[in-house]
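First the structure, in the form of structure tokens, and then the observations on it.
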Amino acid sequence: MQQDLTPETYWDRILHQPIQEDCPMRRTLELLSGKWRLYVLYVLSKASVCRFGALKRAIPGITSTMLTHALRDLETLGIVHREQFNEVPPHVEYSLTEKGLALLPVFTELAKWGETYLDP
């Protein structure tokens, strides 16, 4: 958001302009779209570092292929950091980058909305 705009003015501007390919709302929604991306980010936000197996156990219903795909996408986008350890046994750890950590306030707002509007 531009520094000189209030959140209300910024939102009003987004609502009244045609959706452009470079619209920040559109680009953000595309970045977070997909069945598993947000779930992966949520699990990574709860742990500073997480191995693949721990991520898979924490996300019910996800296949190894889908988890690998989501992690690769998020790594390409600069939201997730992947660190490979070449030791015996070899393992890989995932964590949020600074860009990924910047999404935490968004998760906070989503959680507040859920507490307010969703039945327990």
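Residues are referred to by chain and number: the chain letter is A, B, ... according to the order shown in the structure tokens, the number counts from 1 in that chain, and ligands are numbered separately from 1 in the order shown.
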Closest contacts (region 10-36 of chain A/region 96-103 of chain A, max 12 Å, only C-alpha atoms) as CSV:
residue,atom,partner,partner_atom,distance
A:Thr28,CA,A:Leu103,CA,10.7
A:Leu31,CA,A:Gly100,CA,11.5
A:Leu32,CA,A:Leu103,CA,10.3
Please write the residues from the selection above to a file, keeping C-alpha atoms, as a PDB file, in the first residue's frame.
ATOM      1  CA  THR A  28      -1.778 -11.430  -3.920  1.00  0.00           C
ATOM      2  CA  LEU A  31       0.035 -15.963  -4.942  1.00  0.00           C
ATOM      3  CA  LEU A  32      -2.039 -17.403  -2.086  1.00  0.00           C
TER       4      LEU A  32
END
- Query: Near Tyr39 (chain A), counting only C-alpha atoms, which residues have an atom at most 12 Å away, once you skip same-chain residues fewer than 6 positions from it, shown as a PyMOL selection string?
  - Reply: chain A and resi 32-33+45-46+55-56+58-62+66-67+70-71+74+107
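The coordinates place CA of Tyr94 (chain A) at 14.7 Å from CA of Leu38 (chain A).
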In chain A, what's helix (DSSP H, G or I) per DSSP? Answer as a short mmCIF file (atom, residue, chain, number, x, y, z; two decimals) with C-alpha atoms, in the first residue's frame?
data_model
loop_
_atom_site.label_atom_id
_atom_site.label_comp_id
_atom_site.auth_asym_id
_atom_site.auth_seq_id
_atom_site.Cartn_x
_atom_site.Cartn_y
_atom_site.Cartn_z
CA PRO A 7 -6.40 1.87 4.24
CA GLU A 8 -9.90 3.16 3.45
CA THR A 9 -8.70 5.27 0.51
CA TYR A 10 -6.59 2.41 -0.79
CA TRP A 11 -9.51 -0.03 -0.60
CA ASP A 12 -11.84 2.49 -2.25
CA ARG A 13 -9.33 2.89 -5.09
CA ILE A 14 -9.10 -0.89 -5.56
CA LEU A 15 -12.89 -1.28 -5.56
CA HIS A 16 -13.52 1.39 -8.17
CA PRO A 24 -1.89 -5.83 -6.10
CA MET A 25 -5.05 -7.55 -4.84
CA ARG A 26 -5.20 -9.82 -7.87
CA ARG A 27 -1.49 -10.67 -7.65
CA THR A 28 -1.78 -11.43 -3.92
CA LEU A 29 -4.82 -13.65 -4.41
CA GLU A 30 -3.01 -15.56 -7.17
CA LEU A 31 0.03 -15.96 -4.94
CA LEU A 32 -2.04 -17.40 -2.09
CA ARG A 37 -0.46 -23.01 -0.06
CA LEU A 38 -2.19 -21.23 2.80
CA TYR A 39 -2.25 -24.37 4.90
CA VAL A 40 1.50 -24.89 4.38
CA LEU A 41 2.14 -21.26 5.32
CA TYR A 42 -0.03 -21.61 8.41
CA VAL A 43 1.87 -24.68 9.61
CA LEU A 44 5.23 -23.01 8.92
CA SER A 45 4.10 -19.91 10.81
CA LYS A 46 3.62 -22.04 13.93
CA PHE A 52 9.02 -32.30 5.21
CA GLY A 53 7.67 -35.24 7.24
CA ALA A 54 6.47 -32.99 10.05
CA LEU A 55 4.73 -30.74 7.52
CA LYS A 56 3.04 -33.74 5.91
CA ARG A 57 1.81 -35.02 9.28
CA ALA A 58 0.50 -31.58 10.22
CA SER A 64 3.69 -35.95 -0.76
CA THR A 65 3.42 -34.80 -4.37
CA MET A 66 1.07 -31.94 -3.53
CA LEU A 67 3.20 -30.86 -0.57
CA THR A 68 6.32 -30.88 -2.72
CA HIS A 69 4.53 -28.84 -5.38
CA ALA A 70 3.23 -26.27 -2.87
CA LEU A 71 6.65 -25.94 -1.21
CA ARG A 72 8.41 -25.48 -4.56
CA ASP A 73 5.90 -22.82 -5.60
CA LEU A 74 6.29 -20.96 -2.31
CA GLU A 75 10.07 -21.24 -2.53
CA THR A 76 10.03 -19.84 -6.08
CA GLU A 98 11.13 -12.36 5.69
CA LYS A 99 8.55 -12.05 2.92
CA GLY A 100 6.67 -15.03 4.37
CA LEU A 101 6.82 -13.66 7.90
CA LEU A 104 1.59 -13.23 9.68
CA PRO A 105 -0.55 -10.11 10.29
CA VAL A 106 -2.80 -11.30 7.45
CA PHE A 107 -3.23 -14.64 9.24
CA THR A 108 -4.03 -12.78 12.45
CA GLU A 109 -6.81 -10.88 10.71
CA LEU A 110 -8.16 -14.07 9.13
CA ALA A 111 -8.21 -15.73 12.56
CA LYS A 112 -10.06 -12.74 14.07
CA TRP A 113 -12.61 -12.90 11.27
CA GLY A 114 -13.08 -16.64 11.84
CA GLU A 115 -13.58 -16.17 15.58
CA THR A 116 -16.19 -13.50 14.91
CA TYR A 117 -18.17 -14.98 12.04
#
- Query: If you measure from CA of Thr63 (chain A) to CA of Pro120 (chain A), what distance in Å do you get, rounded to one decimal?
  - Reply: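 Computed distance, CA of Thr63 (chain A) to CA of Pro120 (chain A), equals 27.4 Å.
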- When you draw a straight line from CA of Val49 (chain A) to CA of His81 (chain A), how long is it in Å? 9.5 Å
